[in-house]
Amino acid sequence: PMAEAEFILSGGNGVKDWDLFHQAASALGATEGASRVAVDDGFMGRERQVGASGTWVTARVYVAVGISGAIQHLQGIGACDKVIAINLDAGCDMVKRADLSVIGESAEVLTALIAAVEAWRSGCKRDAA
């Protein structure tokens, strides 16, 4: 259940490539979440909505991709240990709340994350052999 997830990758209005978002969540081993806007627009199911009007989460790591940080969303992630924001807007509320921010286009950042995870995994396999 999302309320018990340790690692959440959550998408919002700034996600333009949802297939890539799902690939990134799978590569990272993250539970998928979403902002109210992404849910209302039909990109994710209501059970994936994070925030005061959705599910309050307590993840150790919460990665917000393209989420501006509406007050209801910020309330829902208030108990998360570490928040990472990926956003084009360096002044948005999610970036202000985040422990770490990556300012950039979501597809470029997600593509780089997937490549980094794949490189790390292939290096681990070589080292184990």
# chains A, B, ... in the order shown; residues from 1 in each chain; ligands from 1
>>> select_by_dssp(residues="range 1-123 of chain A", states="alpha helix (DSSP H)", output="MDAnalysis selection string")
chainID A and resid 18:28 36:40 71:76 93:97 106:123
>>> select_by_dssp(residues="chain A", states="strand (DSSP E or B)", output="PyMOL selection string")
chain A and resi 7-11+31-34+49-50+55+61-65+82-87+100-103
>>> residues_around(residues="range 26-37 of chain A", least_positions_apart="5", cutoff="7 Å", atoms="only C-alpha atoms", output="list in words")
Met2, Ala5, Phe7, Ile8, Leu9, Ser10, Gly11, Gly12, Asn13, Met44, Arg48, Gln49, Val50, Ile67, His73, Ile114 and Val117 of chain A
>>> write_last_selection(atoms="C-alpha atoms", output="PDB file, in the first residue's frame")
ATOM      1  CA  MET A   2       1.196   3.496  -0.854  1.00  0.00           C
ATOM      2  CA  ALA A   5       5.770   2.576   0.867  1.00  0.00           C
ATOM      3  CA  PHE A   7      10.272   4.884  -1.697  1.00  0.00           C
ATOM      4  CA  ILE A   8       7.752   6.778  -3.838  1.00  0.00           C
ATOM      5  CA  LEU A   9       8.193   8.298  -7.297  1.00  0.00           C
ATOM      6  CA  SER A  10       5.301  10.694  -7.734  1.00  0.00           C
ATOM      7  CA  GLY A  11       4.309  12.460 -10.961  1.00  0.00           C
ATOM      8  CA  GLY A  12       2.485  15.685 -11.595  1.00  0.00           C
ATOM      9  CA  ASN A  13       1.561  18.144 -14.302  1.00  0.00           C
ATOM     10  CA  MET A  44      -2.962   7.704 -12.622  1.00  0.00           C
ATOM     11  CA  ARG A  48      -2.241   6.720  -6.329  1.00  0.00           C
ATOM     12  CA  GLN A  49      -3.099  10.307  -5.312  1.00  0.00           C
ATOM     13  CA  VAL A  50      -0.792  11.771  -2.662  1.00  0.00           C
ATOM     14  CA  ILE A  67       4.838  18.617  -8.983  1.00  0.00           C
ATOM     15  CA  HIS A  73       0.151  17.842  -1.562  1.00  0.00           C
ATOM     16  CA  ILE A 114      17.213   5.034 -15.731  1.00  0.00           C
ATOM     17  CA  VAL A 117      20.526   2.635 -12.503  1.00  0.00           C
TER      18      VAL A 117
END
>>> closest_residue(among="A:His22, A:Lys82, A:Arg60, A:Lys16", to="Asp41 in chain A", atoms="only C-alpha atoms")
A:Lys16
>>> residues_around(residues="Ile77 in chain A", least_positions_apart="5", cutoff="10 Å", atoms="only C-alpha atoms", output="mmCIF file with N, CA, C and O atoms, in the first residue's frame")
data_model
loop_
_atom_site.group_PDB
_atom_site.id
_atom_site.type_symbol
_atom_site.label_atom_id
_atom_site.label_comp_id
_atom_site.auth_asym_id
_atom_site.auth_seq_id
_atom_site.Cartn_x
_atom_site.Cartn_y
_atom_site.Cartn_z
ATOM 1 N N VAL A 50 -1.479 11.406 -3.900
ATOM 2 C CA VAL A 50 -0.792 11.771 -2.662
ATOM 3 C C VAL A 50 -1.278 13.154 -2.229
ATOM 4 O O VAL A 50 -1.407 14.051 -3.048
ATOM 5 N N GLY A 51 -1.554 13.296 -0.943
ATOM 6 C CA GLY A 51 -1.920 14.610 -0.427
ATOM 7 C C GLY A 51 -3.071 14.546 0.541
ATOM 8 O O GLY A 51 -3.598 13.470 0.844
ATOM 9 N N ALA A 52 -3.464 15.717 1.029
ATOM 10 C CA ALA A 52 -4.549 15.801 2.005
ATOM 11 C C ALA A 52 -5.852 15.256 1.431
ATOM 12 O O ALA A 52 -6.675 14.706 2.163
ATOM 13 N N THR A 55 -3.805 10.201 -0.301
ATOM 14 C CA THR A 55 -3.153 9.395 0.731
ATOM 15 C C THR A 55 -2.011 10.183 1.371
ATOM 16 O O THR A 55 -1.193 10.778 0.675
ATOM 17 N N TRP A 56 -1.972 10.176 2.688
ATOM 18 C CA TRP A 56 -0.855 10.753 3.435
ATOM 19 C C TRP A 56 0.238 9.685 3.459
ATOM 20 O O TRP A 56 -0.039 8.531 3.802
ATOM 21 N N VAL A 57 1.460 10.055 3.086
ATOM 22 C CA VAL A 57 2.532 9.068 2.981
ATOM 23 C C VAL A 57 3.655 9.388 3.968
ATOM 24 O O VAL A 57 3.841 10.533 4.382
ATOM 25 N N THR A 58 4.399 8.342 4.315
ATOM 26 C CA THR A 58 5.494 8.462 5.282
ATOM 27 C C THR A 58 6.771 7.828 4.734
ATOM 28 O O THR A 58 7.544 7.242 5.476
ATOM 29 N N ALA A 59 6.978 7.953 3.452
ATOM 30 C CA ALA A 59 8.118 7.318 2.792
ATOM 31 C C ALA A 59 9.445 7.824 3.344
ATOM 32 O O ALA A 59 9.553 8.964 3.794
ATOM 33 N N TYR A 62 10.866 10.390 -0.986
ATOM 34 C CA TYR A 62 9.751 10.798 -1.835
ATOM 35 C C TYR A 62 10.318 11.663 -2.954
ATOM 36 O O TYR A 62 10.921 12.706 -2.698
ATOM 37 N N GLN A 72 -2.089 21.126 -0.263
ATOM 38 C CA GLN A 72 -2.666 19.818 0.060
ATOM 39 C C GLN A 72 -1.660 18.700 -0.205
ATOM 40 O O GLN A 72 -1.615 17.717 0.532
ATOM 41 N N LYS A 82 12.997 12.185 3.445
ATOM 42 C CA LYS A 82 13.749 12.939 2.444
ATOM 43 C C LYS A 82 12.867 13.170 1.225
ATOM 44 O O LYS A 82 12.247 12.244 0.712
ATOM 45 N N VAL A 83 12.839 14.417 0.765
ATOM 46 C CA VAL A 83 12.047 14.785 -0.405
ATOM 47 C C VAL A 83 12.992 15.303 -1.478
ATOM 48 O O VAL A 83 13.838 16.168 -1.209
ATOM 49 N N ARG A 97 10.428 23.035 -0.465
ATOM 50 C CA ARG A 97 10.254 22.007 0.568
ATOM 51 C C ARG A 97 11.323 20.918 0.492
ATOM 52 O O ARG A 97 11.681 20.293 1.484
#
